[in-house]
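Worksheet for the structure shown next.
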Amino acid sequence: MRTYKIAAIPADGIGPEVIAAGCEVLSVLAHRVGDIEFDVTTFDWGSAYYKTHGVMMPEDGLEQLKPFDAIYFGAVGAPDVPDHITLWGLRLPICQGFDQYANVRPTKIVPGVTSPLRGVEVGDLDWVIVRENSEGEYSGHGGRAHKGMPEEVGTEVAIFTRVGVTRIMRYAFQLAQSRPRKFLTVVTKSNAQRFGMVMWDEIAAEVAREFPDVTWDKMLVDAMTVRMVKKPQSLDTIVATNLHADILSDLAGALAGSLGVAPTANIDPEHRFPSMFEPIHGSAFDITGKGIANPVATFWTASQMLDHLGESEAALRLMRAVEKVCADGIVTPDVGGTATTQDVTDAVCDAIRGENA
């Protein structure tokens with residue numbers, strides 16, 4: 001029996017709802033597979049914790065998380081807490097503290113979910129966006145001077161290091177190499193950002209020589225948005241900076257039908273620390289407590305977690321169940337259905353139980 005210690009951080013908004021659904025599905029999956037089990041510990045960190053304690057998580061939060069094999073994260077953000085406090089108080093300290101430098105966001109049109117793009121069907125949009133997750137525009141360097149004065153200055157410093165760019169580029173090329181098309185698109189803005197972005201282009205060309213079987217091209221980020229909409233079939237694996245990939249992956253999720261089906265993995269590829277897996281839809285306070293949050297992204301990111309833990313067959317089994325349920329039309333209102341969160345969860349559990357060995 002292989003036991004995996006999972007730290008669940010449901011956090012804010014619909015986070016507790018979808019993480020509860022994810023844990024239910026993982027329990028059923030473990031029982032069905034038979035030789036794995038999940039030891040889940042839940043942490044009550046988030047905006048409610050902040051309102052009581054003045055911090056999003058305890059000072060020794062990272063030390064508490066270190067012994068775990070993976071982190072299952074819900075969503076962060078609340079209407080009555082400034083966004084920079086919630087983000088920099090919980091999610092980013094975990095990503096940066098555990099050097100989860102590869103943010104991996106697969107996107108595809110799931111059977112039963114309709115893309116808003118005309119004439120685009122299942123199989124036409126099947127991407128993986130690799131986001132540099134440790135530096136770049138979200139390095140947290142900068143400051144403000146002369147606050148409140150007419151001459152107030154705010155600086156936000158994007159930091160790109162050769163180490164950081166090289167390792168994410170190599171990760172992206174390796175990922176592209178593992179996929180059937182072996183094709184990578186490198187996204188920058190090197191016409192206007194002539195230092196860090198030009199370095200990205202140069203390092204991409206250097207790393208490409210290590211992967212002669214991978215075809216690659218490069219795009220400016222503004223042109224990339226057009227290509228994603230107009231020619232989705234022309235893309236496969238994509239790598240971009242922290243900010244650019246953050247934006248592009250939300251567009252990707254929308255083009256695939258809903259952010260409710262979009263997962264993300266914050267990965268330490270060297271397995272020095274626990275990696276973190278989460279849906280990208282956010283806390284969605286407008287539907288919190290209504291029972292209609294889409295749990296598909298949370299299931300999909302659980303599949304990513306299983307894959308990262310070396311349980312590739314269990315990961316595939318979970319995704320087969322998710323795709324069957326969506327194809328059967330059991331989907332939540334955000335993708336045109338009438339099912340509740342629990343309806344989808346129950347259906348996925350039933351599909352896992354019912355699948356032949």
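Letters A, B, ... go to the chains of the structure tokens in the order shown; residues in each chain start at 1; ligands are counted from 1 in the same order.
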
I need the residues in stretch 17-240 of chain A that are helix (DSSP H, G or I) according to DSSP; give them as number ranges by chain. A: 17-33, 47-53, 61-65, 83-97, 162-178, 196-208, 221-230, 232-234

Distance table requested - stretch 63-152 of chain A against stretch 183-203 of chain A, cut-off 12 Å, only C-alpha atoms: one row per qualifying residue with the closest atom pair and its distance in Å to one decimal, ordered by chain and rising residue number, as a Markdown table.
```
| residue | atom | partner | partner_atom | distance |
| --- | --- | --- | --- | --- |
| A:Trp127 | CA | A:Leu184 | CA | 10.0 |
| A:Val128 | CA | A:Leu184 | CA | 9.6 |
| A:Ile129 | CA | A:Thr185 | CA | 9.4 |
| A:Val130 | CA | A:Val186 | CA | 9.7 |
| A:Arg131 | CA | A:Val187 | CA | 10.2 |
| A:Glu132 | CA | A:Trp200 | CA | 11.2 |
| A:Glu135 | CA | A:Gly196 | CA | 11.4 |
| A:Gly136 | CA | A:Gly196 | CA | 8.6 |
| A:Glu137 | CA | A:Gly196 | CA | 10.4 |
```

Store the residues of this selection in a file with C-alpha atoms, as a CSV table (one decimal), in the first residue's frame.
```
chain,number,residue,atom,x,y,z
A,127,TRP,CA,-2.5,22.9,-25.2
A,128,VAL,CA,-0.2,22.9,-22.2
A,129,ILE,CA,0.9,26.4,-21.1
A,130,VAL,CA,4.1,26.4,-19.0
A,131,ARG,CA,4.4,29.5,-16.9
A,132,GLU,CA,7.7,30.6,-15.2
A,135,GLU,CA,10.6,35.4,-10.9
A,136,GLY,CA,9.8,37.7,-13.8
A,137,GLU,CA,7.1,40.3,-13.3
```

Contact check, stretch 79-177 of chain A to stretch 205-213 of chain A, at most 9 Å, counting only C-alpha atoms, closest pairs as JSON lines:
```
{"residue": "A:Thr166", "atom": "CA", "partner": "A:Val207", "partner_atom": "CA", "distance": 7.2}
{"residue": "A:Met169", "atom": "CA", "partner": "A:Val207", "partner_atom": "CA", "distance": 6.9}
{"residue": "A:Arg170", "atom": "CA", "partner": "A:Val207", "partner_atom": "CA", "distance": 6.3}
{"residue": "A:Phe173", "atom": "CA", "partner": "A:Phe211", "partner_atom": "CA", "distance": 7.0}
{"residue": "A:Gln174", "atom": "CA", "partner": "A:Phe211", "partner_atom": "CA", "distance": 7.9}
{"residue": "A:Gln177", "atom": "CA", "partner": "A:Asp213", "partner_atom": "CA", "distance": 7.2}
```

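Comparing A:Arg272, A:His281, A:Lys231, A:His53 by their smallest distance to A:Val120, the closest is A:Lys231 (using only C-alpha atoms).
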
Pick out the residues sitting within 8 Å of A:His244, and hand them over as a PyMOL selection string; count only C-alpha atoms, and ignore anything fewer than 2 positions along from it in its own chain. chain A and resi 187-188+221+240-242+246-248

Find the spatial neighbours of stretch 89-105 of chain A, counting only C-alpha atoms, within a cut-off of 8 Å - ignore same-chain residues fewer than 5 positions away - and output them as a PyMOL selection string. chain A and resi 45-46+55-57+62+76+84+128-134+168+171+249+262-269+272-276

Would you mind listing what lies within 7 Å of stretch 8-24 of chain A as a PyMOL selection string, with only C-alpha atoms counted and same-chain residues fewer than 4 positions away left out? chain A and resi 28+40-47+71-78+283-285+288+293+295+298-299+345

When you count only C-alpha atoms, which of these residues is closest to A:Trp88: A:Phe160, A:Asp328, A:Ser139, A:Met224?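 Checking each candidate against A:Trp88, we get A:Ser139 as the closest.
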
Using only C-alpha atoms, which protein or nucleic acid residues come within 7 Å of A:Lys182? Drop anything in the same chain fewer than 5 positions from it, and give the result as a PyMOL selection string. chain A and resi 176-177+214-215

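Nearest to A:Pro111 of all the residues A:Pro232, A:Gly354, A:Gly257, A:Gly282 is A:Gly257, counting only C-alpha atoms.
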
Using only C-alpha atoms, pick whichever of A:Leu251, A:Leu243, A:Leu306, A:Met228 has the shortest atom-to-atom distance to A:Glu37.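 Selected residue with least distance to A:Glu37: A:Leu306.
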
In Å, how far is it from atom CA of A:Ala158 to atom CA of A:Gly140?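 Atom CA of A:Gly140 lies 8.2 Å from atom CA of A:Ala158.
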
All residues 8 Å or closer to A:Gln304, only C-alpha atoms, same chain fewer than 4 positions away omitted, as a list in words: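 Near A:Gln304, the qualifying residues are Ala265, Phe277, Trp300, His308 and Ala315 of chain A.
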
Store the residues picked out above, limited to N, CA and C atoms, as a short mmCIF file (atom, residue, chain, number, x, y, z; two decimals), in the first residue's frame.
```cif
data_model
loop_
_atom_site.label_atom_id
_atom_site.label_comp_id
_atom_site.auth_asym_id
_atom_site.auth_seq_id
_atom_site.Cartn_x
_atom_site.Cartn_y
_atom_site.Cartn_z
N ALA A 265 -0.86 23.22 -12.04
CA ALA A 265 0.08 22.57 -11.12
C ALA A 265 1.27 23.49 -10.90
N PHE A 277 -1.26 21.91 -6.21
CA PHE A 277 -2.19 21.67 -7.31
C PHE A 277 -3.52 22.38 -7.00
N TRP A 300 -9.37 17.62 -12.30
CA TRP A 300 -8.29 17.57 -13.30
C TRP A 300 -6.94 17.83 -12.63
N HIS A 308 2.18 13.55 -10.95
CA HIS A 308 3.42 14.04 -10.34
C HIS A 308 3.93 13.07 -9.27
N ALA A 315 -4.11 8.53 -12.43
CA ALA A 315 -4.38 9.84 -13.03
C ALA A 315 -5.22 9.69 -14.29
#
```

As a check of understanding: the span from atom CA of A:Leu235 to atom CA of A:Leu175 is 13.8 Å
